[in-house]
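Below you'll find the structure, written out as structure tokens, and then a few comments.
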Amino acid sequence: MGSPDVTSTAVTSTAVTDIESSKMPPAKKKSATEPSTNGGAPASSPEQNREFLHSMLLQRRFEERTAEAYALGKIGGFCHLYIGQEAVSTGVLSSLRPDDYIITTYRDHGQALARGMAPRTVMSELFGRIDGCAHGKGGSMHMFDKSLNFLGGHGIVGANVPLATGVGFAIKYRGGDQVCVCFMGESVANTGAFHESLNMAGLWKLPVVYIIENNRYGMGTALERASAIHDIYERGASYNISRAVCDGQDVFEVRAAVQKAIDRARTEATPTLLEVRTYRFMGHSMSDAVSGTYRTKAELEEHMKRDPIVLLRTHMMEHGELNDDELHKMDDEIKAVVQDAWDFADKSPEPPLEALYEDVYVDTTSDAAADAVA
Amino acid sequence: MPVVTYRDALNAALREEMQRDDRVFLMGEEVAVYQGAYKVSKGLLQEFGEMRVVDTPITELGFAGVGVGAAMVGLRPIIEFMTWNFAVLALDQVLNSAAKMLYMSGGQFNIPIVFRGPNGAALQLSAQHSQAFESWLAHIPGIKVISPSTPYDAKGLLKSAIRDDNPVCFLEGEMLYNTKGEVPDEDYLIPIGKADLKREGDHASIIAAGKMALVAMQAADQLAKDGINVDVVDLRTVRPMDVDAIRASVEKTNRAVVLEEGWEIAGIGAQVVDYIQRDCFDSLDAPVLRVHQADVPMPYAKNLERAAKPDAAKTVAAVRKVMYLE
């Protein structure tokens, strides 16, 4: 997973990506003998690549406006942006079926959009309005959509990993061939919940793909200061499960790696631990400095040279699948969609006071359903 | 009517509900091959197989979360904690996942799960194996908390808990498993949130749940010898608590003693007292007294443990005190 050999450019740390700039030289091919730049994934068509680019750019522009909305006070609490990691969400989610399940952490906006949640719905939830996916009751860290099998959005580090294992158990219980994909950060691999979950997944052989988005920092603590081992995927050996690592900035590499894991889960009902090496371009959350405290500006700038959107754009342009006009048009459309989401969210009312007491309990039992089955 | 043990009543409830609805499964330590650490799940593996009666590694946090995840996608798990003492490790999944999922998701994901196991002290199990968790759990909106005292109540309430589409914490007791009582053969449910008046009298009300309801009945027997007749309000459910039943009893008797297994500070009994002082102030002829465990970790020595635990004698003394008898 070598980095493309880009020459230094005037990369800034501003929130807004200048993806159209000709300042970014094209990525040089790694070597003549290396496999195609499709990362070994089943070759995707120009149409598919355009979809990937669209998804990643939507996530990027959405998160940029989210940062802006947060600064304006339209979004409160904790807000964890996905900027820089878009190839992971897009690479993984484009490989799934509608009846597969996804469960993730609090850094969930990108994944929610990549799964197909409407920008209006996600933005409304961020703004705490009634048209949000949880009617404003969840917020940034709790994006849920049952119709898309998007199971949230969880705030306690590690808590979603046992949940994902339970989803895998349910799939096996019912004899289906769905897969559950579980996103987590690299710090999660140090938690007890991770250990317990992967042990059960390996022991019981559950169709779960555990994806570690290794962005090298657990909040402000670098991987090397938190973890006794740095090749986190190796932890899979403790549980006798398949494991792999890939470059998370290259959407094709992500797709190739996750496709193998998904196939394994679907056909053999066995889990995989997939470490995806990525980097976040913003701070841990909106409360956090982008650089200068626990990571240097120089390090950030170096990583920003491997912007996943720029990498894909460059690939597509090199292969004649995209030109500047098409990219510009796509970006304008996406920006308009995000502006529409903002306007919609801003006009959406706050939830009524009665909503305070709603959805604490359901007043149903299984009687009707079970008797119908009987 | 057949007389069965509390253990067998629970076993029957599990079996009947697993026969009725094949989404129901049981998971926990030793529930399958061992036939249950306390034999509550005896025979279930043989009848339902290892996909539906699942032995876990010692991973309470993990398997509690497995249950919640399975419930999110439509199964109906029963997660057994060998004792609620071990469930502290799992509390993140009970509190932050199960209890809050429906609310945080804006009503999309309800969690039809039962967490069950023995609660409170047994005999000389020492500090770490003797904890009562009613107040910890009843504090949390989004779950229901049940603590039945008799085989009849246990069976009817466990069935209701399994059928309920919300997360339910079901508190049993090692010391209750061998107790016996009448349990009808035919199918019946007991509604969650309804107390049961197990004894009637005019002089005072004793309010209790779980094994403390049996202690209350012992106290009632002793008091009756002195011509003091008490109501025993067996709460059966501690969240939601049957405030109407509490109120009806105290308005009748004008005096109340609240009996609980846990410690004093912010214990479940404090909540009962709050309901009484708020709703029955004008009916009270005496302050409400509580009988609870001594404010110490549970000691091992037999005499110290006896001294630490609430019992019939302490309950009798409290009733006599609210009656200003000494």
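Following the order of the structure tokens, chains are lettered A, B, ..., residues in each are numbered from 1, and ligands are numbered from 1.
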Exercise. Tell me the residues of chain A close to chain B, meaning within 6 Å using only C-alpha atoms, as a VMD selection string.
Key: chain A and resid 134 to 135 137 to 138 144 162 to 163 165 to 167 170 193 196 to 197 359 to 361 364 to 366 370
Restricted to C-alpha atoms, what would the selected residues look like written as a PDB file, in the first residue's frame?
```pdb
ATOM      1  CA  ALA A 134     -34.721  10.422  14.969  1.00  0.00           C
ATOM      2  CA  HIS A 135     -37.018  13.462  14.994  1.00  0.00           C
ATOM      3  CA  LYS A 137     -34.053  13.060  19.620  1.00  0.00           C
ATOM      4  CA  GLY A 138     -30.686  11.494  18.727  1.00  0.00           C
ATOM      5  CA  PHE A 144     -30.524   5.463  12.454  1.00  0.00           C
ATOM      6  CA  PRO A 162     -21.214  -6.594  20.630  1.00  0.00           C
ATOM      7  CA  LEU A 163     -24.337  -5.264  18.923  1.00  0.00           C
ATOM      8  CA  THR A 165     -22.002  -9.600  16.843  1.00  0.00           C
ATOM      9  CA  GLY A 166     -25.629  -9.990  17.901  1.00  0.00           C
ATOM     10  CA  VAL A 167     -26.816  -9.045  14.437  1.00  0.00           C
ATOM     11  CA  ALA A 170     -29.457 -13.291  14.329  1.00  0.00           C
ATOM     12  CA  ALA A 193     -16.116  -5.223  24.299  1.00  0.00           C
ATOM     13  CA  GLU A 196     -15.414 -10.384  23.877  1.00  0.00           C
ATOM     14  CA  SER A 197     -17.216  -9.798  20.601  1.00  0.00           C
ATOM     15  CA  ASP A 359     -40.543   6.648  22.380  1.00  0.00           C
ATOM     16  CA  VAL A 360     -39.371   5.795  25.867  1.00  0.00           C
ATOM     17  CA  TYR A 361     -41.404   2.580  25.687  1.00  0.00           C
ATOM     18  CA  THR A 364     -46.942  -3.480  22.271  1.00  0.00           C
ATOM     19  CA  THR A 365     -46.294  -7.116  23.014  1.00  0.00           C
ATOM     20  CA  SER A 366     -45.532 -10.047  20.770  1.00  0.00           C
ATOM     21  CA  ALA A 370     -46.900 -14.695  17.532  1.00  0.00           C
TER      22      ALA A 370
END
```
Self-check item: DSSP-assigned strand (DSSP E or B) members of region 143-244 of chain B, reported as a list in words
Solution: Lys144, Val145, Ile146, Asp164, Val168, Cys169, Phe170, Leu171, Glu172, Lys180, Gly181, Glu182, Asp196, Leu197, Lys198, Arg199, Ala204, Ser205, Ile206, Ile207, Ala208, Val230, Asp231, Val232, Val233, Asp234, Thr237, Val238 and Arg239 of chain B
Quiz item: What lies within 8 Å of region 221-233 of chain B using only C-alpha atoms, ignoring chain neighbours under 5 positions off, as a PyMOL selection string?
Solution: chain B and resi 195-208+213+216+245-246+249+253+316
Would you mind exporting all heavy atoms of the selected residues as a compact mmCIF listing (two decimals), in the first residue's frame?
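part_17.txt, freshly written:
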```
# COMPACT_ATOMS: atom_id res chain seq x y z
N ALA B 195 -49.07 -4.41 41.40
CA ALA B 195 -48.70 -5.02 42.67
C ALA B 195 -49.76 -6.04 43.07
O ALA B 195 -50.80 -6.15 42.44
CB ALA B 195 -48.58 -3.93 43.74
N ASP B 196 -49.46 -6.79 44.11
CA ASP B 196 -50.42 -7.78 44.61
C ASP B 196 -50.52 -7.64 46.12
O ASP B 196 -49.51 -7.66 46.83
CB ASP B 196 -49.94 -9.19 44.23
CG ASP B 196 -50.92 -10.26 44.65
OD1 ASP B 196 -52.14 -10.01 44.55
OD2 ASP B 196 -50.48 -11.33 45.10
N LEU B 197 -51.73 -7.51 46.60
CA LEU B 197 -51.94 -7.42 48.04
C LEU B 197 -51.96 -8.84 48.59
O LEU B 197 -52.94 -9.55 48.46
CB LEU B 197 -53.26 -6.69 48.32
CG LEU B 197 -53.53 -6.25 49.74
CD1 LEU B 197 -52.49 -5.26 50.23
CD2 LEU B 197 -54.93 -5.62 49.83
N LYS B 198 -50.89 -9.23 49.25
CA LYS B 198 -50.76 -10.63 49.64
C LYS B 198 -51.32 -10.90 51.03
O LYS B 198 -51.47 -12.04 51.45
CB LYS B 198 -49.30 -11.06 49.55
CG LYS B 198 -48.79 -11.16 48.10
CD LYS B 198 -47.91 -12.33 47.88
CE LYS B 198 -47.69 -12.84 46.48
NZ LYS B 198 -47.54 -11.91 45.42
N ARG B 199 -51.56 -9.83 51.75
CA ARG B 199 -52.14 -9.98 53.10
C ARG B 199 -52.93 -8.71 53.35
O ARG B 199 -52.52 -7.63 52.91
CB ARG B 199 -51.01 -10.12 54.12
CG ARG B 199 -51.43 -10.24 55.56
CD ARG B 199 -52.03 -11.60 55.84
NE ARG B 199 -51.01 -12.65 55.72
CZ ARG B 199 -50.34 -13.15 56.77
NH1 ARG B 199 -50.58 -12.73 57.99
NH2 ARG B 199 -49.45 -14.08 56.58
N GLU B 200 -54.03 -8.85 54.05
CA GLU B 200 -54.82 -7.65 54.35
C GLU B 200 -54.93 -7.41 55.84
O GLU B 200 -55.11 -8.35 56.63
CB GLU B 200 -56.22 -7.77 53.74
CG GLU B 200 -56.20 -7.60 52.24
CD GLU B 200 -57.59 -7.54 51.66
OE1 GLU B 200 -58.37 -6.65 52.06
OE2 GLU B 200 -57.90 -8.40 50.81
N GLY B 201 -54.80 -6.14 56.21
CA GLY B 201 -54.97 -5.76 57.61
C GLY B 201 -55.09 -4.26 57.68
O GLY B 201 -54.77 -3.56 56.72
N ASP B 202 -55.55 -3.74 58.82
CA ASP B 202 -55.82 -2.31 58.91
C ASP B 202 -54.74 -1.51 59.62
O ASP B 202 -54.76 -0.28 59.58
CB ASP B 202 -57.14 -2.07 59.68
CG ASP B 202 -58.34 -2.47 58.85
OD1 ASP B 202 -58.23 -2.39 57.61
OD2 ASP B 202 -59.37 -2.84 59.43
N HIS B 203 -53.82 -2.17 60.30
CA HIS B 203 -52.98 -1.43 61.23
C HIS B 203 -51.80 -0.75 60.58
O HIS B 203 -51.37 0.32 61.02
CB HIS B 203 -52.49 -2.35 62.36
CG HIS B 203 -53.60 -2.85 63.22
ND1 HIS B 203 -53.83 -4.18 63.47
CD2 HIS B 203 -54.58 -2.18 63.87
CE1 HIS B 203 -54.89 -4.32 64.25
NE2 HIS B 203 -55.37 -3.11 64.51
N ALA B 204 -51.25 -1.37 59.58
CA ALA B 204 -50.09 -0.78 58.90
C ALA B 204 -49.91 -1.47 57.56
O ALA B 204 -50.47 -2.54 57.32
CB ALA B 204 -48.82 -0.94 59.75
N SER B 205 -49.13 -0.83 56.70
CA SER B 205 -48.79 -1.40 55.39
C SER B 205 -47.31 -1.75 55.37
O SER B 205 -46.48 -0.93 55.77
CB SER B 205 -49.07 -0.39 54.27
OG SER B 205 -50.41 0.04 54.30
N ILE B 206 -47.01 -2.96 54.91
CA ILE B 206 -45.61 -3.29 54.61
C ILE B 206 -45.53 -3.41 53.10
O ILE B 206 -46.30 -4.13 52.47
CB ILE B 206 -45.17 -4.60 55.25
CG1 ILE B 206 -45.45 -4.61 56.76
CG2 ILE B 206 -43.68 -4.83 54.99
CD1 ILE B 206 -45.07 -5.92 57.45
N ILE B 207 -44.59 -2.66 52.54
CA ILE B 207 -44.43 -2.66 51.08
C ILE B 207 -43.07 -3.27 50.77
O ILE B 207 -42.05 -2.86 51.34
CB ILE B 207 -44.53 -1.22 50.54
CG1 ILE B 207 -45.92 -0.66 50.87
CG2 ILE B 207 -44.30 -1.20 49.03
CD1 ILE B 207 -45.92 0.77 51.25
N ALA B 208 -43.06 -4.24 49.87
CA ALA B 208 -41.81 -4.96 49.60
C ALA B 208 -41.90 -5.62 48.23
O ALA B 208 -42.95 -5.63 47.60
CB ALA B 208 -41.57 -6.01 50.68
N ALA B 213 -40.69 -9.67 50.05
CA ALA B 213 -42.13 -9.87 50.23
C ALA B 213 -42.38 -11.09 51.11
O ALA B 213 -43.33 -11.10 51.91
CB ALA B 213 -42.82 -10.01 48.88
N ALA B 216 -41.73 -10.02 54.54
CA ALA B 216 -42.88 -9.25 55.00
C ALA B 216 -44.00 -10.16 55.47
O ALA B 216 -44.67 -9.89 56.48
CB ALA B 216 -43.38 -8.33 53.88
N ALA B 245 -51.61 1.09 44.07
CA ALA B 245 -51.72 0.05 45.09
C ALA B 245 -51.09 0.51 46.40
O ALA B 245 -51.62 0.24 47.49
CB ALA B 245 -51.04 -1.24 44.61
N ILE B 246 -49.96 1.20 46.28
CA ILE B 246 -49.31 1.72 47.48
C ILE B 246 -50.23 2.72 48.17
O ILE B 246 -50.47 2.67 49.38
CB ILE B 246 -47.96 2.40 47.12
CG1 ILE B 246 -46.98 1.39 46.53
CG2 ILE B 246 -47.37 3.10 48.33
CD1 ILE B 246 -45.76 2.01 45.88
N SER B 249 -53.34 1.24 49.92
CA SER B 249 -53.04 0.57 51.18
C SER B 249 -52.76 1.59 52.29
O SER B 249 -53.30 1.50 53.39
CB SER B 249 -51.85 -0.37 51.00
OG SER B 249 -51.48 -0.93 52.23
N THR B 253 -54.45 2.24 55.97
CA THR B 253 -53.82 1.89 57.23
C THR B 253 -53.18 3.08 57.94
O THR B 253 -52.99 3.04 59.16
CB THR B 253 -52.69 0.85 57.01
OG1 THR B 253 -51.64 1.46 56.24
CG2 THR B 253 -53.21 -0.39 56.31
N VAL B 316 -40.82 -6.43 62.02
CA VAL B 316 -41.79 -6.36 63.13
C VAL B 316 -41.50 -5.14 64.00
O VAL B 316 -42.41 -4.38 64.37
CB VAL B 316 -41.76 -7.66 63.96
CG1 VAL B 316 -42.47 -7.47 65.29
CG2 VAL B 316 -42.37 -8.81 63.17
```
DSSP-assigned helix (DSSP H, G or I) among region 84-121 of chain A, expressed as a compact mmCIF listing (two decimals) with N, CA and C atoms, in the first residue's frame:
```txt
# COMPACT_ATOMS: atom_id res chain seq x y z
N GLU A 86 -13.64 9.31 3.42
CA GLU A 86 -14.77 8.98 2.55
C GLU A 86 -14.58 7.72 1.71
N ALA A 87 -13.35 7.38 1.39
CA ALA A 87 -13.15 6.17 0.58
C ALA A 87 -13.55 4.92 1.37
N VAL A 88 -13.47 5.02 2.69
CA VAL A 88 -13.81 3.85 3.50
C VAL A 88 -15.32 3.62 3.45
N SER A 89 -16.08 4.65 3.77
CA SER A 89 -17.54 4.50 3.76
C SER A 89 -18.02 4.10 2.38
N THR A 90 -17.53 4.80 1.37
CA THR A 90 -18.01 4.53 0.01
C THR A 90 -17.55 3.16 -0.45
N GLY A 91 -16.31 2.83 -0.19
CA GLY A 91 -15.81 1.53 -0.62
C GLY A 91 -16.58 0.39 0.03
N VAL A 92 -16.85 0.52 1.31
CA VAL A 92 -17.56 -0.55 2.02
C VAL A 92 -19.02 -0.59 1.61
N LEU A 93 -19.68 0.55 1.69
CA LEU A 93 -21.14 0.53 1.53
C LEU A 93 -21.55 0.24 0.11
N HIS A 109 -21.80 10.34 10.03
CA HIS A 109 -22.49 11.09 8.97
C HIS A 109 -22.15 10.54 7.59
N GLY A 110 -20.86 10.33 7.36
CA GLY A 110 -20.42 9.86 6.04
C GLY A 110 -21.03 8.51 5.70
N GLN A 111 -21.00 7.63 6.66
CA GLN A 111 -21.56 6.29 6.42
C GLN A 111 -23.06 6.36 6.20
N ALA A 112 -23.74 7.22 6.94
CA ALA A 112 -25.18 7.37 6.77
C ALA A 112 -25.50 7.83 5.35
N LEU A 113 -24.77 8.80 4.87
CA LEU A 113 -25.01 9.29 3.51
C LEU A 113 -24.63 8.24 2.48
N ALA A 114 -23.51 7.56 2.71
CA ALA A 114 -23.07 6.54 1.75
C ALA A 114 -24.06 5.39 1.67
N ARG A 115 -24.79 5.14 2.73
CA ARG A 115 -25.79 4.08 2.73
C ARG A 115 -27.07 4.52 2.02
N PRO A 119 -29.69 13.55 2.58
CA PRO A 119 -29.01 14.68 3.23
C PRO A 119 -29.95 15.55 4.05
N ARG A 120 -31.16 15.73 3.57
CA ARG A 120 -32.13 16.53 4.33
C ARG A 120 -32.39 15.92 5.70
N THR A 121 -32.50 14.58 5.71
CA THR A 121 -32.82 13.88 6.96
C THR A 121 -31.66 13.95 7.94
```
Quiz item: Could you pull the residues within 8 Å of Leu158 (chain B), counting only C-alpha atoms, minus those fewer than 5 positions along the same chain, as JSON, numbers by chain?
Solution: {"B": [10, 13, 14, 170]}
Expected file contents, prior selection, C-alpha atoms, as an mmCIF file, in the first residue's frame:
```
data_model
loop_
_atom_site.group_PDB
_atom_site.id
_atom_site.type_symbol
_atom_site.label_atom_id
_atom_site.label_comp_id
_atom_site.auth_asym_id
_atom_site.auth_seq_id
_atom_site.Cartn_x
_atom_site.Cartn_y
_atom_site.Cartn_z
ATOM 1 C CA LEU B 10 -39.565 -20.151 35.590
ATOM 2 C CA ALA B 13 -42.372 -20.052 31.458
ATOM 3 C CA LEU B 14 -39.183 -20.290 29.406
ATOM 4 C CA PHE B 170 -36.120 -9.729 35.691
#
```
Practice problem: Figure out the distance between CA of Val181 (chain A) and CA of Val209 (chain A), please, to one decimal in Å. | Solution: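 Rounded to one decimal, the two atoms are 4.8 Å apart.
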Quiz prompt | Shell of 12 Å around Glu326 (chain A), only C-alpha atoms, local chain residues under 2 positions omitted, as an NGL selection string | solution = :A and (20 or 50 or 53-54 or 313 or 316-317 or 320-324 or 328-333)
Quiz item: For the atom pair CA of Leu203 (chain A) and CA of Leu26 (chain B), what is the interatomic distance in Å to one decimal place?
Solution: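 Distance between the two atoms: 17.7 Å.
Residues in contact with Asn190 (chain A) at up to 12 Å, not including ones fewer than 4 positions away on its chain and judged by only C-alpha atoms, are A:Val157, A:Gly158, A:Met184, A:Gly185, A:Glu186, A:Phe194, A:His195, A:Glu196, A:Leu198, A:Ile212, A:Gly218, A:Leu223, A:Arg225, A:Ala226, A:Ser227, A:Ala228, A:Ile229, A:His230, A:Ile232, A:Tyr233, A:Arg235.
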Self-check item: d(CA of Ile103 (chain A), CA of Ala164 (chain A)) in Å
Solution: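 Going from CA of Ile103 (chain A) over to CA of Ala164 (chain A) covers 6.4 Å.
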Self-check item: Who sits within 9 Å of His139 (chain B), only C-alpha atoms, same chain under 4 positions skipped, as a PyMOL selection string
Solution: chain B and resi 134-135+239+268
